[in-house]
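Engineer: So that we are looking at the same thing, I have put the structure below in structure tokens.
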Amino acid sequence: MERVHAVSSRNRHRPRGGERGELVSTVHTRTCHICEANCGILVELEGAKVLSIKGDPDDVLSRGHVCPKATAIADLQDDPDRLRTPVKRMGDRWVPIEWETAYAEIAARYAAIKTAGGQGALYIGNPTAHNYSVGMQFGALKKALATDNVFSASTVDQIPHQLVQLWIYGHNSLFPVADIDRTRTMLIIGGNPLASNGSVWTVPDVKRRIEALQARGGRLIVVDPRRTETAKIADEHHFVRPGSDAALLVGLLLALDAAGAVRPGRLLPMLKDWDAVWEALRRFDLADCAAFCGISETAFHELAAALGDGPSIVYGRMGVSVAAFGTLNHWLIAMLNIATGHLDAEGGMMFSTPGVDVVAQSGRGSQGRRHSRVRGLPDVMGEFPVVTMAEEILTPGEGQVRALVTVAGNPVLSCPDGGTLDKALESLELMVSVDMYVTATTRHAHYILPPCGPLQKDHYPLFLGAIAVRNFAKYAPALLPMGADRSDWQIVSELSRALLSARGQAVPNIMHPREALDAMLRRSNWGLTLAQVEAAPHGIDLGPLQAGRLPARLATPDKLIHCAPEACMGDLDRLTEAMAAPVPEGLTLIGRRHVRQNNSWLHNSRRLLKGPDRCTLMIHPDDAAPRGIGDGAMVTVASEAGEVTVSAEVSDDVMPGVVSLPHGFGHGREGVKLSVAREKPGVSINDLTRRDRFDPLSGNAALTGTPVAVALAA
Ligand SMILES: Nc1nc2c(c(=O)[nH]1)N[C@H]1C(S)=C(S)[C@@H](COP(=O)(O)OP(=O)(O)OC[C@H]3O[C@@H](n4cnc5c(=O)[nH]c(N)nc54)[C@H](O)[C@@H]3O)O[C@H]1N2
Ligand SMILES: Nc1nc2c(c(=O)[nH]1)N[C@H]1C(S)=C(S)[C@@H](COP(=O)(O)OP(=O)(O)OC[C@H]3O[C@@H](n4cnc5c(=O)[nH]c(N)nc54)[C@H](O)[C@@H]3O)O[C@H]1N2
Ligand code: SF4
Ligand SMILES: [Mo]
């Protein structure tokens, strides 16, 4: 525990001014909760007013890095559009309502719906992953709603990673982490950390880490249908046909094999069915793989040589996860990291030893314990895929969803076929949203229960600490008083209590989140206490990731890596079929993220929204010219799900045959109360994505690769 004491502990409050009686400003350490990077920030306050937000140079993980979104925390805190009290919808008016009255009315209405045979549902959105305390309350809420209909942003995101981890390592949360600080070659497939700041990979300051890799002679290679911000600083970039990554990954494995570079080495005794994997892969032909994904055979051999030489990482993110072969892709990525021998090794894909060991303290996960009522899709980690949500609400019959609670989610803009979901939400008998804004989704709510502002709650990166590039622990206390406001965890737990007592059911005793956190820290590898962590305002560095963690972590019954999950082996047949089918003509739609936006919910910050319109359809000149589309022209984009009109951005940064539209826009829908965002509302890409396009193994939506038609708007 040496390092605990070695951490510098600078004053948390550094007063400025005050000599002539003016208000004293104080600087406080904090963690930015907006994305997975968890950057340390210094917040300068004068009373409750935020004077500045800067990177904390002493933060053990982020070392001073921040992105423009951190400053928007002040805008969120002070946003006049942010709801400060619960509201109830009366026609098209929102009327303030007391907390207790709101809970009582909701509970009575929910009980009546259940008595009449209606079902309830829950949708959990992404910001809850950045909020340790609310995460602890969902068990109670699920019990209180007494429903199997649980949905979350996970099935428009990372469920394929988790399913593969469950199958091969025996635990859905055993995320391998890319050890970029010590690798020689990093291959990023379908991720854009320069915009996203890393995902399923807490890697603040990623640009400097990439530069350090390059400075020590290493290489970054990016495979993406768009020449992204990350691709532009990479040593090598390859365009890839959207949705064809499984062939790319099979081809890379074959090329490694051809080069005699398959060297699992010390992993070998842990590998179950390794030979079966190769038997299945060898029926593919490298030339077919190359043709299918649009990358030359020579490039495959060069990539394989780079991966085989020294510590290397194959990392895949959204582009390969939200795809029709999402699970197969992640399985193949795992096989590649095993094949090079760099899984669980320095400079490879490693396993963390974080302050709170979420793996040891959570269930292994499961799939297929239940099936969705309408389409019969299996649940995954206890949740149904969001592609089934609209039909569960719209299809009459026993078990039809008539009531919905959303917590920190905006599924109308974030889930496929948002147009249909929008209509579905409108038809609900009861909708309750825990959210601070009237959004495209929450405008349908009957009650909105708003949490406190971002600086009024404390923060611990419970889930994200486990996927960080270094082992660390950091707790950030609330900076502003709670007053009459409530934190998300309080709202969810109070709502659960009200629902339970309305049905005469016992209310569970809930441990305070801080106490629960302290207990979790104590039970974990480092035996820290919350007091110790709190005493280190810049975080506690617990050192680099440790090699050789996997044998002790494997949660399969035989403590082996199960290399050949039946579902993945079977899915290779679907890949064979896809590779044999003619390549569809027409354009394919992919998404994109921008460093100044976060999903659908930071658009109301003027300082983030400023600059040119970012909701544009990127199209290659070769696709624009024959359609008479010039830069800035208005175009219609149509899919089987819907149609949008948006301005074109003609650019050869996007691959020919591919068009790109960012997600998270579409704030122009009637009733949305985001006054800044509505100045540049944009259109929602998810009015084009489809509910019938999903990865059959995981149920995860295939958001990427939607076939679309593009034409000059009339
Ligand atoms: N086409 C396409 N669609 C996508 C994606 C894509 O790449 N392409 N990405 C997907 C991904 S990865 C994700 S994670 C999902 C996200 O999907 P969602 O989680 O459904 O949506 P968000 O846009 O994150 O909206 C979050 C909501 O929570 C509210 N909110 C923000 N902070 C808090 C808080 O602290 N408490 C509460 N109670 N509410 C809060 C915001 O006001 C907003 O309404 O979108 C997915 N959708
Ligand atoms: N600034 C900002 N940061 C964010 C977010 C945000 O909205 N804005 N969202 C946060 C969230 S919730 C998440 S999950 C992460 C996501 O983090 P990332 O996955 O790093 O972010 P994306 O920009 O979605 O990157 C996906 C990449 O895949 C590419 N792609 C699309 N289709 C394909 C394909 O078929 N094959 C391949 N190989 N590539 C493809 C896209 O062009 C894109 O560059 O970002 C997080 N950080
Ligand atoms: S990268 Fe930006 S949004 Fe993400 S945690 Fe850091 S400062 Fe916050
Ligand atoms: Mo996400």
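Identifiers for the structure tokens are assigned positionally: chains receive A, B, ... in sequence, residues are indexed from 1 per chain, and ligands are indexed from 1 in the order shown.
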Quick one: everything within 12 Å of Leu545 (chain A), counting only C-alpha atoms, minus sequence neighbours fewer than 5 positions away in the same chain. Send it as a list in words.
Structural biologist: Pro176, Val177, Ala178, Asp179, Ile180, Asp181, Arg182, Asp344, Ala345, Glu346, Gly347, Gly348, Met349, Met350, Phe351, Ser352, Thr353, Pro354, Gly465, Ala466, Ile467, Ala468, Val469, Arg470, Asn471, Phe472 and Leu550 of chain A
Engineer: Counting only C-alpha atoms and all ligand atoms, name the residues that have an atom within 6 Å of an atom of ligand 1; the answer should be given as a PDB file with all heavy atoms, in the first residue's frame.
Structural biologist:
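Saved to part-v3.pdb:
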```pdb
ATOM      1  N   GLY A 125     -30.559   4.643 -19.284  1.00  0.00           N
ATOM      2  CA  GLY A 125     -29.693   5.290 -20.266  1.00  0.00           C
ATOM      3  C   GLY A 125     -28.233   5.371 -19.853  1.00  0.00           C
ATOM      4  O   GLY A 125     -27.863   5.027 -18.721  1.00  0.00           O
ATOM      5  N   ASN A 126     -27.430   5.845 -20.763  1.00  0.00           N
ATOM      6  CA  ASN A 126     -25.971   5.855 -20.613  1.00  0.00           C
ATOM      7  C   ASN A 126     -25.441   6.652 -19.422  1.00  0.00           C
ATOM      8  O   ASN A 126     -24.506   6.189 -18.742  1.00  0.00           O
ATOM      9  CB  ASN A 126     -25.353   6.343 -21.935  1.00  0.00           C
ATOM     10  CG  ASN A 126     -23.892   6.656 -21.811  1.00  0.00           C
ATOM     11  OD1 ASN A 126     -23.498   7.761 -21.442  1.00  0.00           O
ATOM     12  ND2 ASN A 126     -23.068   5.669 -22.074  1.00  0.00           N
ATOM     13  N   PRO A 127     -25.972   7.848 -19.107  1.00  0.00           N
ATOM     14  CA  PRO A 127     -25.369   8.583 -17.978  1.00  0.00           C
ATOM     15  C   PRO A 127     -25.385   7.817 -16.654  1.00  0.00           C
ATOM     16  O   PRO A 127     -24.624   8.146 -15.753  1.00  0.00           O
ATOM     17  CB  PRO A 127     -26.217   9.868 -17.901  1.00  0.00           C
ATOM     18  CG  PRO A 127     -26.658  10.087 -19.312  1.00  0.00           C
ATOM     19  CD  PRO A 127     -26.947   8.700 -19.816  1.00  0.00           C
ATOM     20  N   ALA A 153     -29.333   1.237 -22.732  1.00  0.00           N
ATOM     21  CA  ALA A 153     -28.483   1.635 -23.855  1.00  0.00           C
ATOM     22  C   ALA A 153     -27.418   0.579 -24.163  1.00  0.00           C
ATOM     23  O   ALA A 153     -26.747   0.658 -25.193  1.00  0.00           O
ATOM     24  CB  ALA A 153     -27.840   2.992 -23.553  1.00  0.00           C
ATOM     25  N   VAL A 156     -27.539  -0.904 -27.586  1.00  0.00           N
ATOM     26  CA  VAL A 156     -27.135  -0.078 -28.732  1.00  0.00           C
ATOM     27  C   VAL A 156     -25.654   0.260 -28.554  1.00  0.00           C
ATOM     28  O   VAL A 156     -25.169   1.263 -29.027  1.00  0.00           O
ATOM     29  CB  VAL A 156     -27.953   1.232 -28.878  1.00  0.00           C
ATOM     30  CG1 VAL A 156     -29.218   1.001 -29.673  1.00  0.00           C
ATOM     31  CG2 VAL A 156     -28.260   1.877 -27.531  1.00  0.00           C
ATOM     32  N   ASP A 157     -24.948  -0.607 -27.835  1.00  0.00           N
ATOM     33  CA  ASP A 157     -23.584  -0.257 -27.456  1.00  0.00           C
ATOM     34  C   ASP A 157     -22.717  -1.504 -27.304  1.00  0.00           C
ATOM     35  O   ASP A 157     -22.404  -2.178 -28.277  1.00  0.00           O
ATOM     36  CB  ASP A 157     -23.643   0.610 -26.174  1.00  0.00           C
ATOM     37  CG  ASP A 157     -22.350   1.339 -25.865  1.00  0.00           C
ATOM     38  OD1 ASP A 157     -21.317   0.935 -26.386  1.00  0.00           O
ATOM     39  OD2 ASP A 157     -22.372   2.306 -25.079  1.00  0.00           O
ATOM     40  N   VAL A 407     -34.756   6.229 -17.064  1.00  0.00           N
ATOM     41  CA  VAL A 407     -33.807   6.907 -16.177  1.00  0.00           C
ATOM     42  C   VAL A 407     -32.606   7.313 -17.019  1.00  0.00           C
ATOM     43  O   VAL A 407     -31.892   6.453 -17.563  1.00  0.00           O
ATOM     44  CB  VAL A 407     -33.354   5.999 -15.005  1.00  0.00           C
ATOM     45  CG1 VAL A 407     -32.418   6.778 -14.073  1.00  0.00           C
ATOM     46  CG2 VAL A 407     -34.540   5.468 -14.225  1.00  0.00           C
ATOM     47  N   ALA A 408     -32.398   8.614 -17.175  1.00  0.00           N
ATOM     48  CA  ALA A 408     -31.236   9.139 -17.894  1.00  0.00           C
ATOM     49  C   ALA A 408     -31.093   8.516 -19.278  1.00  0.00           C
ATOM     50  O   ALA A 408     -30.019   8.043 -19.644  1.00  0.00           O
ATOM     51  CB  ALA A 408     -29.961   8.941 -17.069  1.00  0.00           C
ATOM     52  N   GLY A 409     -32.182   8.508 -20.019  1.00  0.00           N
ATOM     53  CA  GLY A 409     -32.103   7.942 -21.356  1.00  0.00           C
ATOM     54  C   GLY A 409     -32.915   8.760 -22.333  1.00  0.00           C
ATOM     55  O   GLY A 409     -33.865   9.441 -21.953  1.00  0.00           O
ATOM     56  N   ASN A 410     -32.507   8.672 -23.592  1.00  0.00           N
ATOM     57  CA  ASN A 410     -33.240   9.385 -24.640  1.00  0.00           C
ATOM     58  C   ASN A 410     -33.437   8.454 -25.828  1.00  0.00           C
ATOM     59  O   ASN A 410     -32.937   8.696 -26.930  1.00  0.00           O
ATOM     60  CB  ASN A 410     -32.454  10.642 -25.045  1.00  0.00           C
ATOM     61  CG  ASN A 410     -33.297  11.603 -25.867  1.00  0.00           C
ATOM     62  OD1 ASN A 410     -34.447  11.302 -26.210  1.00  0.00           O
ATOM     63  ND2 ASN A 410     -32.724  12.747 -26.218  1.00  0.00           N
ATOM     64  N   PRO A 411     -34.156   7.331 -25.597  1.00  0.00           N
ATOM     65  CA  PRO A 411     -34.226   6.298 -26.634  1.00  0.00           C
ATOM     66  C   PRO A 411     -34.831   6.766 -27.962  1.00  0.00           C
ATOM     67  O   PRO A 411     -34.508   6.193 -29.000  1.00  0.00           O
ATOM     68  CB  PRO A 411     -35.077   5.201 -25.984  1.00  0.00           C
ATOM     69  CG  PRO A 411     -35.785   5.846 -24.841  1.00  0.00           C
ATOM     70  CD  PRO A 411     -34.890   6.946 -24.375  1.00  0.00           C
ATOM     71  N   SER A 414     -31.765   7.752 -29.471  1.00  0.00           N
ATOM     72  CA  SER A 414     -30.588   6.877 -29.387  1.00  0.00           C
ATOM     73  C   SER A 414     -30.844   5.450 -29.844  1.00  0.00           C
ATOM     74  O   SER A 414     -29.901   4.688 -30.012  1.00  0.00           O
ATOM     75  CB  SER A 414     -30.044   6.867 -27.959  1.00  0.00           C
ATOM     76  OG  SER A 414     -31.000   6.329 -27.068  1.00  0.00           O
ATOM     77  N   CYS A 415     -32.084   5.073 -30.027  1.00  0.00           N
ATOM     78  CA  CYS A 415     -32.376   3.689 -30.411  1.00  0.00           C
ATOM     79  C   CYS A 415     -32.881   3.632 -31.846  1.00  0.00           C
ATOM     80  O   CYS A 415     -33.454   4.592 -32.346  1.00  0.00           O
ATOM     81  CB  CYS A 415     -33.384   3.075 -29.452  1.00  0.00           C
ATOM     82  SG  CYS A 415     -32.694   2.910 -27.802  1.00  0.00           S
ATOM     83  N   VAL A 434     -36.870  10.016 -15.219  1.00  0.00           N
ATOM     84  CA  VAL A 434     -35.916  10.655 -14.318  1.00  0.00           C
ATOM     85  C   VAL A 434     -34.901  11.333 -15.232  1.00  0.00           C
ATOM     86  O   VAL A 434     -34.054  10.667 -15.848  1.00  0.00           O
ATOM     87  CB  VAL A 434     -35.255   9.616 -13.380  1.00  0.00           C
ATOM     88  CG1 VAL A 434     -34.309  10.326 -12.413  1.00  0.00           C
ATOM     89  CG2 VAL A 434     -36.313   8.825 -12.628  1.00  0.00           C
ATOM     90  N   ASP A 435     -35.030  12.621 -15.380  1.00  0.00           N
ATOM     91  CA  ASP A 435     -34.221  13.365 -16.352  1.00  0.00           C
ATOM     92  C   ASP A 435     -34.334  14.848 -16.007  1.00  0.00           C
ATOM     93  O   ASP A 435     -35.326  15.263 -15.414  1.00  0.00           O
ATOM     94  CB  ASP A 435     -34.748  13.136 -17.773  1.00  0.00           C
ATOM     95  CG  ASP A 435     -33.687  13.354 -18.850  1.00  0.00           C
ATOM     96  OD1 ASP A 435     -33.173  14.488 -18.971  1.00  0.00           O
ATOM     97  OD2 ASP A 435     -33.374  12.388 -19.574  1.00  0.00           O
ATOM     98  N   MET A 436     -33.354  15.615 -16.424  1.00  0.00           N
ATOM     99  CA  MET A 436     -33.438  17.041 -16.071  1.00  0.00           C
ATOM    100  C   MET A 436     -33.926  17.904 -17.219  1.00  0.00           C
ATOM    101  O   MET A 436     -34.008  19.116 -17.080  1.00  0.00           O
ATOM    102  CB  MET A 436     -32.095  17.538 -15.531  1.00  0.00           C
ATOM    103  CG  MET A 436     -30.978  17.532 -16.517  1.00  0.00           C
ATOM    104  SD  MET A 436     -30.185  15.910 -16.514  1.00  0.00           S
ATOM    105  CE  MET A 436     -28.613  16.329 -17.250  1.00  0.00           C
ATOM    106  N   TYR A 437     -34.246  17.284 -18.357  1.00  0.00           N
ATOM    107  CA  TYR A 437     -34.700  18.073 -19.499  1.00  0.00           C
ATOM    108  C   TYR A 437     -35.980  17.493 -20.105  1.00  0.00           C
ATOM    109  O   TYR A 437     -36.243  16.284 -19.989  1.00  0.00           O
ATOM    110  CB  TYR A 437     -33.627  18.073 -20.595  1.00  0.00           C
ATOM    111  CG  TYR A 437     -32.403  18.902 -20.280  1.00  0.00           C
ATOM    112  CD1 TYR A 437     -31.153  18.298 -20.122  1.00  0.00           C
ATOM    113  CD2 TYR A 437     -32.497  20.294 -20.163  1.00  0.00           C
ATOM    114  CE1 TYR A 437     -30.029  19.064 -19.846  1.00  0.00           C
ATOM    115  CE2 TYR A 437     -31.362  21.068 -19.887  1.00  0.00           C
ATOM    116  CZ  TYR A 437     -30.136  20.448 -19.726  1.00  0.00           C
ATOM    117  OH  TYR A 437     -29.028  21.209 -19.453  1.00  0.00           O
ATOM    118  N   THR A 439     -36.982  16.342 -23.334  1.00  0.00           N
ATOM    119  CA  THR A 439     -36.273  15.930 -24.547  1.00  0.00           C
ATOM    120  C   THR A 439     -37.245  15.278 -25.531  1.00  0.00           C
ATOM    121  O   THR A 439     -38.442  15.147 -25.248  1.00  0.00           O
ATOM    122  CB  THR A 439     -35.204  14.878 -24.192  1.00  0.00           C
ATOM    123  OG1 THR A 439     -35.899  13.689 -23.759  1.00  0.00           O
ATOM    124  CG2 THR A 439     -34.277  15.357 -23.087  1.00  0.00           C
ATOM    125  N   PRO A 451     -33.078  15.178 -11.464  1.00  0.00           N
ATOM    126  CA  PRO A 451     -32.010  15.087 -10.470  1.00  0.00           C
ATOM    127  C   PRO A 451     -31.342  16.451 -10.278  1.00  0.00           C
ATOM    128  O   PRO A 451     -31.550  17.365 -11.069  1.00  0.00           O
ATOM    129  CB  PRO A 451     -31.032  14.105 -11.100  1.00  0.00           C
ATOM    130  CG  PRO A 451     -31.180  14.333 -12.573  1.00  0.00           C
ATOM    131  CD  PRO A 451     -32.643  14.666 -12.777  1.00  0.00           C
ATOM    132  N   ASP A 488     -29.950  11.385  -8.297  1.00  0.00           N
ATOM    133  CA  ASP A 488     -30.638  10.295  -9.000  1.00  0.00           C
ATOM    134  C   ASP A 488     -30.914   9.099  -8.099  1.00  0.00           C
ATOM    135  O   ASP A 488     -31.976   8.484  -8.173  1.00  0.00           O
ATOM    136  CB  ASP A 488     -29.782   9.824 -10.182  1.00  0.00           C
ATOM    137  CG  ASP A 488     -29.936  10.720 -11.397  1.00  0.00           C
ATOM    138  OD1 ASP A 488     -31.062  10.855 -11.892  1.00  0.00           O
ATOM    139  OD2 ASP A 488     -28.927  11.297 -11.847  1.00  0.00           O
ATOM    140  N   GLY A 591     -22.391   6.170 -38.597  1.00  0.00           N
ATOM    141  CA  GLY A 591     -22.555   7.304 -37.676  1.00  0.00           C
ATOM    142  C   GLY A 591     -21.260   8.072 -37.504  1.00  0.00           C
ATOM    143  O   GLY A 591     -20.280   7.826 -38.199  1.00  0.00           O
ATOM    144  N   ASN A 599     -23.469  12.109 -27.107  1.00  0.00           N
ATOM    145  CA  ASN A 599     -24.751  11.485 -27.429  1.00  0.00           C
ATOM    146  C   ASN A 599     -25.781  12.589 -27.666  1.00  0.00           C
ATOM    147  O   ASN A 599     -25.493  13.534 -28.376  1.00  0.00           O
ATOM    148  CB  ASN A 599     -25.127  10.469 -26.344  1.00  0.00           C
ATOM    149  CG  ASN A 599     -24.127   9.311 -26.321  1.00  0.00           C
ATOM    150  OD1 ASN A 599     -23.480   9.021 -27.326  1.00  0.00           O
ATOM    151  ND2 ASN A 599     -23.983   8.661 -25.205  1.00  0.00           N
ATOM    152  N   SER A 600     -26.957  12.503 -27.032  1.00  0.00           N
ATOM    153  CA  SER A 600     -27.990  13.493 -27.384  1.00  0.00           C
ATOM    154  C   SER A 600     -28.071  14.646 -26.387  1.00  0.00           C
ATOM    155  O   SER A 600     -28.918  15.501 -26.515  1.00  0.00           O
ATOM    156  CB  SER A 600     -29.358  12.803 -27.424  1.00  0.00           C
ATOM    157  OG  SER A 600     -29.809  12.545 -26.103  1.00  0.00           O
ATOM    158  N   TRP A 601     -27.183  14.671 -25.369  1.00  0.00           N
ATOM    159  CA  TRP A 601     -27.568  15.512 -24.235  1.00  0.00           C
ATOM    160  C   TRP A 601     -26.663  16.673 -23.858  1.00  0.00           C
ATOM    161  O   TRP A 601     -26.885  17.279 -22.822  1.00  0.00           O
ATOM    162  CB  TRP A 601     -27.874  14.650 -23.029  1.00  0.00           C
ATOM    163  CG  TRP A 601     -26.729  13.922 -22.425  1.00  0.00           C
ATOM    164  CD1 TRP A 601     -26.258  12.698 -22.802  1.00  0.00           C
ATOM    165  CD2 TRP A 601     -25.927  14.343 -21.327  1.00  0.00           C
ATOM    166  NE1 TRP A 601     -25.215  12.333 -22.010  1.00  0.00           N
ATOM    167  CE2 TRP A 601     -24.995  13.323 -21.092  1.00  0.00           C
ATOM    168  CE3 TRP A 601     -25.907  15.479 -20.513  1.00  0.00           C
ATOM    169  CZ2 TRP A 601     -24.041  13.404 -20.086  1.00  0.00           C
ATOM    170  CZ3 TRP A 601     -24.953  15.555 -19.521  1.00  0.00           C
ATOM    171  CH2 TRP A 601     -24.036  14.530 -19.309  1.00  0.00           C
ATOM    172  N   HIS A 663     -24.980  10.952 -34.596  1.00  0.00           N
ATOM    173  CA  HIS A 663     -26.204  10.623 -33.846  1.00  0.00           C
ATOM    174  C   HIS A 663     -26.384  11.645 -32.728  1.00  0.00           C
ATOM    175  O   HIS A 663     -25.496  12.440 -32.437  1.00  0.00           O
ATOM    176  CB  HIS A 663     -26.154   9.195 -33.309  1.00  0.00           C
ATOM    177  CG  HIS A 663     -25.366   9.051 -32.032  1.00  0.00           C
ATOM    178  ND1 HIS A 663     -23.992   9.087 -32.020  1.00  0.00           N
ATOM    179  CD2 HIS A 663     -25.753   8.911 -30.747  1.00  0.00           C
ATOM    180  CE1 HIS A 663     -23.574   8.962 -30.782  1.00  0.00           C
ATOM    181  NE2 HIS A 663     -24.620   8.852 -29.974  1.00  0.00           N
ATOM    182  N   GLY A 664     -27.563  11.642 -32.128  1.00  0.00           N
ATOM    183  CA  GLY A 664     -27.825  12.518 -30.986  1.00  0.00           C
ATOM    184  C   GLY A 664     -28.553  13.801 -31.351  1.00  0.00           C
ATOM    185  O   GLY A 664     -28.983  14.528 -30.466  1.00  0.00           O
ATOM    186  N   ILE A 685     -30.281  10.448 -36.853  1.00  0.00           N
ATOM    187  CA  ILE A 685     -29.863   9.290 -37.674  1.00  0.00           C
ATOM    188  C   ILE A 685     -30.736   8.079 -37.346  1.00  0.00           C
ATOM    189  O   ILE A 685     -30.974   7.224 -38.193  1.00  0.00           O
ATOM    190  CB  ILE A 685     -28.363   8.969 -37.450  1.00  0.00           C
ATOM    191  CG1 ILE A 685     -27.888   7.873 -38.420  1.00  0.00           C
ATOM    192  CG2 ILE A 685     -28.082   8.571 -36.013  1.00  0.00           C
ATOM    193  CD1 ILE A 685     -26.409   7.543 -38.338  1.00  0.00           C
ATOM    194  N   ASN A 686     -31.254   8.064 -36.117  1.00  0.00           N
ATOM    195  CA  ASN A 686     -32.047   6.893 -35.728  1.00  0.00           C
ATOM    196  C   ASN A 686     -33.478   6.937 -36.243  1.00  0.00           C
ATOM    197  O   ASN A 686     -34.258   6.014 -36.005  1.00  0.00           O
ATOM    198  CB  ASN A 686     -31.963   6.682 -34.216  1.00  0.00           C
ATOM    199  CG  ASN A 686     -30.592   6.146 -33.838  1.00  0.00           C
ATOM    200  OD1 ASN A 686     -30.026   5.317 -34.566  1.00  0.00           O
ATOM    201  ND2 ASN A 686     -30.031   6.636 -32.751  1.00  0.00           N
ATOM    202  N   LEU A 703     -26.522  -0.622 -35.768  1.00  0.00           N
ATOM    203  CA  LEU A 703     -26.746   0.790 -36.104  1.00  0.00           C
ATOM    204  C   LEU A 703     -25.923   1.188 -37.314  1.00  0.00           C
ATOM    205  O   LEU A 703     -26.264   2.108 -38.038  1.00  0.00           O
ATOM    206  CB  LEU A 703     -26.360   1.676 -34.919  1.00  0.00           C
ATOM    207  CG  LEU A 703     -27.146   1.458 -33.623  1.00  0.00           C
ATOM    208  CD1 LEU A 703     -26.516   2.225 -32.474  1.00  0.00           C
ATOM    209  CD2 LEU A 703     -28.599   1.885 -33.810  1.00  0.00           C
TER     210      LEU A 703
END
```
Engineer: What separation in Å, quoted to one decimal, exists between CA of Thr26 (chain A) and CA of Glu44 (chain A)?
Structural biologist: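 If I compute the distance from CA of Thr26 (chain A) to CA of Glu44 (chain A), I get 5.5 Å.
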Engineer: Fewer than 3 positions away in the same chain doesn't count, so skip those; otherwise give me all residues within 6 Å of region 512-521 of chain A, counting only C-alpha atoms, as a PyMOL selection string.
Structural biologist: chain A and resi 133+356+524+528-530
Engineer: Excluding region 53-61 of chain A and residues on its chain fewer than 3 positions from it, collect all residues at most 9 Å away from it, counting only C-alpha atoms, and give them as a ChimeraX atom specification.
Structural biologist: /A:7-8,10,29-30,37-44,50,64-67,70-74,203-205,468-472,474,537-541
Engineer: Would you please give, as number ranges by chain, all residues of region 99-133 of chain A that DSSP assigns to helix (DSSP H, G or I) based on the backbone?
Structural biologist: A: 99-115, 126-130, 132-133
Engineer: Take the residues from that selection and write them out as a short mmCIF file (atom, residue, chain, number, x, y, z; two decimals), in the first residue's frame, keeping N, CA and C atoms.
Structural biologist:
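And here's out-v4.cif as it stands now:
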```cif
data_model
loop_
_atom_site.label_atom_id
_atom_site.label_comp_id
_atom_site.auth_asym_id
_atom_site.auth_seq_id
_atom_site.Cartn_x
_atom_site.Cartn_y
_atom_site.Cartn_z
N TRP A 99 -42.64 16.57 -4.74
CA TRP A 99 -42.05 15.23 -4.89
C TRP A 99 -43.01 14.15 -4.37
N GLU A 100 -43.48 14.34 -3.14
CA GLU A 100 -44.28 13.28 -2.51
C GLU A 100 -45.59 13.05 -3.28
N THR A 101 -46.18 14.15 -3.77
CA THR A 101 -47.42 14.02 -4.55
C THR A 101 -47.12 13.24 -5.85
N ALA A 102 -46.01 13.59 -6.47
CA ALA A 102 -45.65 12.91 -7.72
C ALA A 102 -45.49 11.41 -7.48
N TYR A 103 -44.72 11.06 -6.44
CA TYR A 103 -44.51 9.63 -6.16
C TYR A 103 -45.85 8.92 -5.90
N ALA A 104 -46.70 9.57 -5.12
CA ALA A 104 -47.97 8.93 -4.74
C ALA A 104 -48.84 8.72 -5.98
N GLU A 105 -48.91 9.74 -6.83
CA GLU A 105 -49.75 9.61 -8.04
C GLU A 105 -49.19 8.52 -8.97
N ILE A 106 -47.88 8.54 -9.14
CA ILE A 106 -47.25 7.54 -10.03
C ILE A 106 -47.54 6.14 -9.50
N ALA A 107 -47.34 5.96 -8.21
CA ALA A 107 -47.52 4.62 -7.62
C ALA A 107 -48.96 4.15 -7.78
N ALA A 108 -49.92 5.05 -7.57
CA ALA A 108 -51.33 4.67 -7.70
C ALA A 108 -51.65 4.30 -9.14
N ARG A 109 -51.15 5.11 -10.07
CA ARG A 109 -51.44 4.83 -11.49
C ARG A 109 -50.77 3.54 -11.94
N TYR A 110 -49.57 3.30 -11.45
CA TYR A 110 -48.86 2.07 -11.84
C TYR A 110 -49.60 0.84 -11.31
N ALA A 111 -50.01 0.94 -10.06
CA ALA A 111 -50.72 -0.20 -9.46
C ALA A 111 -52.01 -0.49 -10.25
N ALA A 112 -52.70 0.57 -10.68
CA ALA A 112 -53.95 0.38 -11.43
C ALA A 112 -53.67 -0.29 -12.78
N ILE A 113 -52.60 0.10 -13.42
CA ILE A 113 -52.25 -0.49 -14.72
C ILE A 113 -51.94 -1.97 -14.56
N LYS A 114 -51.18 -2.30 -13.50
CA LYS A 114 -50.84 -3.70 -13.24
C LYS A 114 -52.11 -4.51 -12.94
N THR A 115 -52.99 -3.93 -12.14
CA THR A 115 -54.23 -4.64 -11.79
C THR A 115 -55.05 -4.92 -13.04
N ASN A 126 -27.43 5.84 -20.76
CA ASN A 126 -25.97 5.86 -20.61
C ASN A 126 -25.44 6.65 -19.42
N PRO A 127 -25.97 7.85 -19.11
CA PRO A 127 -25.37 8.58 -17.98
C PRO A 127 -25.38 7.82 -16.65
N THR A 128 -26.21 6.80 -16.53
CA THR A 128 -26.20 6.02 -15.29
C THR A 128 -24.90 5.24 -15.12
N ALA A 129 -24.21 4.98 -16.23
CA ALA A 129 -22.93 4.27 -16.14
C ALA A 129 -21.85 5.18 -15.53
N HIS A 130 -22.16 6.46 -15.46
CA HIS A 130 -21.20 7.43 -14.92
C HIS A 130 -21.68 7.94 -13.57
N TYR A 132 -22.18 6.23 -9.90
CA TYR A 132 -22.07 4.99 -9.13
C TYR A 132 -23.27 4.74 -8.22
N SER A 133 -23.83 5.85 -7.70
CA SER A 133 -24.85 5.66 -6.66
C SER A 133 -26.19 5.24 -7.24
#
```
